[in-house]
$ cat target.txt   # compact mmCIF, C-alpha atoms and all ligand atoms
# COMPACT_ATOMS: atom_id res chain seq x y z
CA MET L 80 19.92 -0.30 3.41
CA ASN L 81 20.72 3.36 3.43
CA THR L 82 18.84 5.33 6.10
CA LEU L 83 18.48 8.86 7.42
CA VAL L 84 17.05 9.28 10.94
CA ASN L 85 15.83 12.85 11.40
CA GLY L 86 18.13 13.79 8.55
CA MET L 87 21.27 12.05 9.88
CA PRO L 88 22.75 8.81 8.55
CA GLY L 89 21.99 6.01 11.05
CA GLU L 90 19.88 2.99 11.87
CA SER L 91 18.75 3.65 15.46
CA ILE L 92 15.79 5.30 17.16
CA SER L 93 15.01 5.65 20.86
CA VAL L 94 13.35 2.71 22.69
CA ARG L 95 11.01 5.41 24.01
CA ASP L 96 9.81 6.17 20.49
CA ARG L 97 6.05 5.69 20.28
CA GLY L 98 6.41 4.12 16.87
CA PHE L 99 8.34 1.29 18.58
CA GLN L 100 6.21 1.27 21.75
CA TYR L 101 2.74 1.44 20.19
CA GLY L 102 2.98 1.57 16.41
CA ASP L 103 2.02 5.23 16.86
CA GLY L 104 2.97 6.47 13.43
CA LEU L 105 2.66 6.20 9.67
CA PHE L 106 4.64 4.96 6.71
CA GLU L 107 4.89 5.29 2.95
CA THR L 108 6.58 2.95 0.50
CA LEU L 109 7.53 4.48 -2.84
CA ALA L 110 9.01 3.05 -6.01
CA VAL L 111 12.17 4.81 -7.21
CA ALA L 112 13.06 4.96 -10.90
CA ASN L 113 16.06 6.82 -12.33
CA SER L 114 16.65 8.78 -9.09
CA VAL L 115 12.98 9.83 -8.85
CA PRO L 116 10.52 8.65 -6.15
CA LEU L 117 7.34 7.98 -8.14
CA LEU L 118 3.90 9.41 -7.27
CA TRP L 119 5.54 11.61 -4.64
CA ASP L 120 2.66 14.09 -4.24
CA ARG L 121 0.08 11.35 -3.78
CA HIS L 122 2.19 9.61 -1.13
CA MET L 123 2.75 12.88 0.70
CA GLN L 124 -0.97 13.66 0.60
CA ARG L 125 -1.78 10.33 2.26
CA LEU L 126 1.00 10.83 4.82
CA SER L 127 -0.33 14.29 5.68
CA ARG L 128 -3.89 12.96 5.88
CA GLY L 129 -2.73 10.20 8.23
CA ALA L 130 -0.81 12.67 10.42
CA ALA L 131 -3.88 14.88 10.71
CA ARG L 132 -6.03 11.87 11.61
CA LEU L 133 -3.62 10.73 14.35
CA GLY L 134 -2.91 14.25 15.58
CA ILE L 135 0.79 13.96 14.79
CA GLY L 136 2.46 17.24 13.75
CA ALA L 137 2.27 17.79 9.98
CA PRO L 138 5.39 16.32 8.36
CA ASP L 139 7.73 18.80 6.67
CA ILE L 140 7.26 17.63 3.09
CA HIS L 141 10.01 19.90 1.76
CA LEU L 142 12.53 18.38 4.18
CA LEU L 143 11.39 14.83 3.35
CA ARG L 144 11.82 15.61 -0.34
CA GLN L 145 15.39 16.82 0.20
CA GLU L 146 16.23 13.66 2.16
CA ALA L 147 14.54 11.44 -0.42
CA GLU L 148 16.52 13.10 -3.21
CA GLN L 149 19.75 12.64 -1.27
CA LEU L 150 19.15 8.88 -0.96
CA CYS L 151 17.75 8.33 -4.46
CA ARG L 152 20.50 10.14 -6.37
CA GLY L 153 21.91 7.81 -9.04
CA VAL L 154 19.53 4.96 -8.13
CA ALA L 155 18.12 3.21 -11.21
CA ARG L 156 15.51 1.17 -9.31
CA GLY L 157 14.82 1.00 -5.61
CA VAL L 158 12.32 1.25 -2.77
CA LEU L 159 12.06 4.35 -0.60
CA LYS L 160 10.37 3.91 2.77
CA ILE L 161 9.39 6.89 4.88
CA ILE L 162 8.28 6.44 8.49
CA VAL L 163 6.91 9.26 10.64
CA THR L 164 6.15 8.52 14.31
CA ARG L 165 4.84 10.68 17.12
CA GLY L 166 8.36 10.54 18.53
CA PRO L 167 9.89 9.59 21.90
CA SER L 168 7.72 9.96 24.99
CA GLY L 169 7.29 8.70 28.57
CA ARG L 170 5.54 5.48 29.65
CA GLY L 171 1.77 5.23 29.12
CA TYR L 172 -0.55 5.79 26.18
CA ALA L 173 -0.85 9.55 26.66
CA PRO L 174 2.00 11.22 24.76
CA ASP L 175 4.18 13.89 26.32
CA PRO L 176 2.78 17.26 25.25
CA GLY L 177 6.18 18.15 23.84
CA ALA L 178 6.70 14.92 21.85
CA SER L 179 8.40 15.76 18.60
CA PRO L 180 7.92 13.46 15.55
CA THR L 181 10.65 11.08 14.41
CA ARG L 182 11.18 10.64 10.69
CA THR L 183 13.20 8.00 8.93
CA VAL L 184 13.85 7.75 5.21
CA SER L 185 15.38 4.49 3.92
CA LEU L 186 16.40 3.20 0.54
CA SER L 187 16.27 -0.56 -0.15
CA PRO L 188 16.99 -2.65 -3.24
CA TRP L 189 14.21 -3.24 -5.73
CA PRO L 190 12.31 -6.48 -4.89
CA ASP L 191 12.76 -9.05 -7.61
CA HIS L 192 9.21 -10.24 -8.17
CA PRO L 193 9.07 -12.37 -11.33
CA ALA L 194 8.25 -10.23 -14.39
CA ALA L 195 5.62 -12.85 -15.22
CA HIS L 196 3.51 -11.65 -12.29
CA ARG L 197 2.77 -8.40 -14.09
CA ALA L 198 2.81 -9.79 -17.60
CA HIS L 199 0.75 -12.95 -17.14
CA GLY L 200 -0.73 -12.77 -13.66
CA VAL L 201 -0.65 -14.51 -10.29
CA THR L 202 -2.35 -17.17 -8.19
CA VAL L 203 -3.93 -15.87 -4.99
CA GLN L 204 -5.83 -17.32 -2.04
CA PHE L 205 -8.29 -16.19 0.61
CA CYS L 206 -6.63 -15.67 4.02
CA ARG L 207 -8.13 -16.85 7.31
CA THR L 208 -6.70 -13.87 9.23
CA MET L 209 -9.27 -11.09 9.30
CA ILE L 210 -9.03 -7.33 9.09
CA ALA L 211 -10.66 -5.39 11.92
CA ARG L 212 -13.29 -2.75 11.24
CA ASN L 213 -12.42 0.67 12.66
CA ARG L 214 -13.31 3.97 11.00
CA ALA L 215 -10.68 5.80 13.07
CA THR L 216 -7.78 3.92 11.49
CA ALA L 217 -9.28 2.95 8.10
CA GLY L 218 -7.73 4.34 4.93
CA ILE L 219 -4.49 5.68 6.40
CA LYS L 220 -1.18 3.83 6.28
CA HIS L 221 -0.52 3.52 10.00
CA LEU L 222 2.23 1.37 11.49
CA ASN L 223 -0.03 -1.28 13.06
CA ARG L 224 0.34 -4.11 10.56
CA LEU L 225 -0.01 -7.26 12.70
CA GLU L 226 -2.97 -8.43 10.64
CA GLN L 227 -0.84 -8.35 7.52
CA VAL L 228 2.06 -10.09 9.29
CA LEU L 229 -0.25 -12.94 10.38
CA ALA L 230 -1.90 -13.20 6.97
CA ARG L 231 1.48 -13.27 5.20
CA ALA L 232 2.49 -16.23 7.37
CA GLU L 233 -0.41 -18.30 6.05
CA LEU L 234 0.33 -17.68 2.37
CA ASP L 235 0.80 -20.90 0.36
CA ALA L 236 4.09 -21.19 -1.51
CA ASN L 237 2.38 -21.03 -4.92
CA CYS L 238 0.40 -17.88 -4.06
CA ALA L 239 1.80 -14.42 -4.74
CA GLU L 240 -0.81 -12.69 -2.58
CA GLY L 241 -3.72 -13.36 -0.21
CA LEU L 242 -7.10 -11.64 0.06
CA MET L 243 -8.29 -10.46 3.47
CA SER L 244 -11.88 -10.04 4.68
CA ASP L 245 -13.49 -8.41 7.67
CA GLU L 246 -15.78 -10.18 10.14
CA SER L 247 -18.88 -9.27 8.15
CA GLY L 248 -17.57 -11.15 5.12
CA GLN L 249 -16.55 -8.11 3.08
CA VAL L 250 -13.29 -8.66 1.22
CA ILE L 251 -11.22 -5.55 1.90
CA GLU L 252 -7.86 -5.85 0.14
CA GLY L 253 -4.81 -8.01 -0.43
CA ILE L 254 -2.15 -8.41 2.26
CA MET L 255 -0.01 -5.75 0.55
CA THR L 256 -2.27 -4.71 -2.32
CA ASN L 257 -5.65 -3.23 -3.17
CA LEU L 258 -8.23 -5.33 -4.97
CA PHE L 259 -10.16 -4.61 -8.15
CA ILE L 260 -12.71 -6.76 -9.93
CA VAL L 261 -14.40 -6.24 -13.29
CA SER L 262 -18.03 -7.28 -13.58
CA ARG L 263 -19.97 -6.57 -16.78
CA ASP L 264 -17.44 -3.89 -17.80
CA VAL L 265 -17.71 -2.02 -14.48
CA LEU L 266 -14.53 -1.67 -12.40
CA LEU L 267 -15.26 -2.31 -8.73
CA THR L 268 -13.02 -1.92 -5.69
CA PRO L 269 -13.88 -2.41 -2.01
CA ASP L 270 -15.21 0.53 -0.07
CA LEU L 271 -12.56 1.33 2.57
CA THR L 272 -14.65 3.35 5.03
CA HIS L 273 -14.16 0.79 7.81
CA SER L 274 -10.89 -1.03 7.01
CA GLY L 275 -7.98 -1.17 4.62
CA VAL L 276 -5.39 1.17 3.18
CA GLU L 277 -6.39 3.70 0.52
CA GLY L 278 -3.60 2.81 -1.85
CA VAL L 279 -1.88 5.45 -3.92
CA MET L 280 -1.98 3.11 -6.91
CA ARG L 281 -5.67 2.43 -6.25
CA GLY L 282 -6.33 6.17 -6.47
CA LEU L 283 -4.41 6.44 -9.72
CA VAL L 284 -6.20 3.42 -11.23
CA LEU L 285 -9.60 4.89 -10.37
CA GLU L 286 -8.64 8.22 -11.97
CA ARG L 287 -7.18 6.70 -15.13
CA ALA L 288 -10.18 4.38 -15.50
CA THR L 289 -12.53 7.35 -15.32
CA GLU L 290 -10.45 9.19 -17.92
CA MET L 291 -10.86 6.16 -20.20
CA ALA L 292 -14.64 6.22 -19.62
CA ILE L 293 -14.56 2.96 -17.68
CA GLU L 294 -17.30 3.05 -15.06
CA THR L 295 -15.91 2.68 -11.51
CA ARG L 296 -17.60 1.92 -8.22
CA MET L 297 -16.41 1.67 -4.60
CA THR L 298 -18.67 -0.84 -2.94
CA GLY L 299 -18.95 -3.89 -0.69
CA ILE L 300 -17.39 -6.95 -2.32
CA LYS L 301 -17.90 -10.49 -1.04
CA LYS L 302 -15.98 -13.67 -1.87
CA ASN L 303 -18.69 -14.77 -4.29
CA ASP L 304 -18.55 -11.47 -6.19
CA ILE L 305 -14.86 -12.13 -6.79
CA LEU L 306 -15.39 -15.75 -7.78
CA GLN L 307 -18.06 -14.63 -10.28
CA ALA L 308 -16.10 -11.63 -11.61
CA ASP L 309 -14.93 -11.45 -15.23
CA GLU L 310 -11.50 -10.08 -14.29
CA VAL L 311 -9.58 -9.53 -11.05
CA PHE L 312 -6.39 -7.58 -10.43
CA LEU L 313 -4.28 -6.24 -7.57
CA THR L 314 -2.31 -3.00 -7.24
CA ASN L 315 0.29 -1.27 -5.16
CA SER L 316 2.99 1.33 -5.69
CA LEU L 317 5.77 -1.22 -6.18
CA ILE L 318 4.14 -3.96 -8.23
CA GLY L 319 1.99 -1.60 -10.25
CA LEU L 320 -0.68 -4.11 -11.30
CA TRP L 321 -0.81 -7.89 -11.13
CA PRO L 322 -3.65 -9.61 -12.96
CA VAL L 323 -5.16 -12.48 -10.94
CA ARG L 324 -5.29 -15.68 -13.02
CA GLN L 325 -6.25 -18.21 -10.37
CA LEU L 326 -8.18 -17.98 -7.09
CA GLU L 327 -8.95 -21.31 -5.44
CA SER L 328 -10.59 -23.39 -8.22
CA LYS L 329 -11.51 -20.35 -10.31
CA ALA L 330 -9.40 -19.36 -13.33
CA TYR L 331 -9.61 -15.90 -14.88
CA PRO L 332 -8.56 -14.73 -18.34
CA LEU L 333 -6.12 -11.86 -18.76
CA GLY L 334 -9.00 -9.47 -19.40
CA ARG L 335 -9.31 -6.45 -21.64
CA VAL L 336 -10.06 -3.92 -18.88
CA THR L 337 -7.10 -5.19 -16.84
CA GLN L 338 -4.81 -4.79 -19.84
CA ARG L 339 -6.06 -1.27 -20.58
CA ILE L 340 -5.53 -0.19 -16.96
CA ARG L 341 -2.08 -1.79 -16.84
CA GLU L 342 -1.13 0.20 -19.91
CA ALA L 343 -2.66 3.42 -18.53
CA ILE L 344 -0.51 3.38 -15.37
CA GLY L 345 2.68 2.60 -17.29
CA ASP L 346 4.24 6.01 -16.62
CA ALA L 347 3.80 5.64 -12.84
CA ILE L 348 5.45 2.27 -12.30
CA VAL L 349 8.95 0.84 -12.50
CA ALA L 350 9.53 -1.05 -15.74
CA ASP L 351 10.42 -4.76 -15.47
C1 LIG S 401 -2.18 -3.28 3.54
C2 LIG S 401 -1.92 -2.56 2.24
N1 LIG S 401 -2.96 -2.22 1.45
C3 LIG S 401 -2.76 -1.57 0.29
C4 LIG S 401 -1.49 -1.24 -0.16
C5 LIG S 401 -1.31 -0.50 -1.45
O1 LIG S 401 -0.92 0.82 -1.23
P1 LIG S 401 -0.11 1.70 -2.29
O2 LIG S 401 -0.89 1.62 -3.60
O3 LIG S 401 -0.13 3.05 -1.72
O4 LIG S 401 1.25 1.13 -2.45
C6 LIG S 401 -0.40 -1.57 0.63
C7 LIG S 401 0.96 -1.23 0.20
O5 LIG S 401 1.93 -1.60 0.76
C8 LIG S 401 -0.61 -2.24 1.86
O6 LIG S 401 0.42 -2.57 2.66
$ encode --input "target.txt" --output "structure tokens" --more "lines below"
Ligand SMILES: Cc1ncc(COP(=O)(O)O)c(C=O)c1O
Amino acid sequence: MNTLVNGMPGESISVRDRGFQYGDGLFETLAVANSVPLLWDRHMQRLSRGAARLGIGAPDIHLLRQEAEQLCRGVARGVLKIIVTRGPSGRGYAPDPGASPTRTVSLSPWPDHPAAHRAHGVTVQFCRTMIARNRATAGIKHLNRLEQVLARAELDANCAEGLMSDESGQVIEGIMTNLFIVSRDVLLTPDLTHSGVEGVMRGLVLERATEMAIETRMTGIKKNDILQADEVFLTNSLIGLWPVRQLESKAYPLGRVTQRIREAIGDAIVAD
């Protein structure tokens, strides 16, 4: 891994950093193709939105771009992770008034998910670990990811992803992906007002679907809605789109809407 900490090569941050102490910060994970971090503006918009929500100083996007370019130069395929925390501070939940944000930018190798996941689809399961409901932290990509860590630990070996619900039985998203289902030619994705991450790829999919005159809806989705859906797929910035072919005893075809969307986001994802 190749990392810049506040612009300097290194791997260390202070033990007093509130990102370490409390998960008081945000992150973004971007795909890199041919030296370019993909969907940069969308990632920076979510990062800025998250910083405003948490009351962390607005990140200097121009500086982050320079650092990203420095790390991505000459990289054919890779993963760029940006973390912004509230910075080092004294003990206790109240931050020092003068706390100054920490930023790290890291480049990692491209994950080698089987190409078949995107081409033919994946098997997924429902997770027992639940996602909490909290409007204050919903939508943004904050650093508190214990729910995902616990859910990932319960994933069966044959499953590429797990679906997570909240306590009211609404399915919110995958462990590391957003969820879409197609029912009677309408593209539905969970409403994320109370939980979940508003994925950059989710946003792009919704836009491209609308451009193709596919009706979209953000709504409550329960397990049964998924089991009765015509098509199901998952998205994130690295995988692009994975069709779901099997969920518990239910098998899905590789549907027409899924294929059209997969094609429509082709310019924004890293080719297999
Ligand atoms: C919990 C969670 N939800 C959704 C996503 C998808 O987000 P994006 O499309 O911005 O990659 C991710 C990505 O890592 C995630 O960790």
$ residues_near_ligand --input "target.txt" --ligand "ligand LIG 401 (chain S)" --cutoff "6 Å" --atoms "only C-alpha atoms and all ligand atoms" --output "list in words"
Ile254, Met255, Thr256, Asn257, Val276, Gly278, Val279, Met280, Arg281, Asn315 and Ser316 of chain L
$ closest_atom_pairs --input "target.txt" --of "segment 148-180 of chain L" --to "segment 123-128 of chain L" --cutoff "12 Å" --atoms "all atoms listed in the file" --output "CSV"
residue,atom,partner,partner_atom,distance
L:Lys160,CA,L:Leu126,CA,11.8
L:Ile161,CA,L:Leu126,CA,9.3
L:Ile162,CA,L:Leu126,CA,9.3
L:Val163,CA,L:Leu126,CA,8.4
L:Thr164,CA,L:Leu126,CA,11.0
$ closest_residue --input "target.txt" --among "L:Ala178, L:Cys238, L:Leu317, L:Leu105" --to "Thr216 of chain L" --atoms "only C-alpha atoms"
L:Leu105
$ closest_atom_pairs --input "target.txt" --of "segment 177-240 of chain L" --to "segment 326-336 of chain L" --cutoff "9 Å" --atoms "all atoms listed in the file" --output "CSV"
residue,atom,partner,partner_atom,distance
L:His199,CA,L:Leu333,CA,7.1
L:Gly200,CA,L:Leu333,CA,7.5
L:Val201,CA,L:Leu326,CA,8.9
L:Thr202,CA,L:Leu326,CA,6.0
L:Val203,CA,L:Leu326,CA,5.2
L:Gln204,CA,L:Leu326,CA,5.6
L:Phe205,CA,L:Leu326,CA,7.9
$ closest_residue --input "target.txt" --among "L:Val94, L:Ile305, L:Leu222, L:Ala198" --to "Leu133 of chain L" --atoms "only C-alpha atoms"
L:Leu222
$ residues_around --input "target.txt" --residues "segment 337-351 of chain L" --least-positions-apart "5" --cutoff "7 Å" --atoms "all atoms listed in the file" --output "PyMOL selection string"
chain L and resi 110+112+117-118+194+284+287-288+312+319-320+322
$ residues_around --input "target.txt" --residues "Arg212 of chain L" --least-positions-apart "2" --cutoff "9 Å" --atoms "only C-alpha atoms" --output "list of chain:residue names"
L:Ile210, L:Arg214, L:Thr216, L:Ala217, L:Asp245, L:Glu246, L:Thr272, L:His273, L:Ser274, L:Gly275
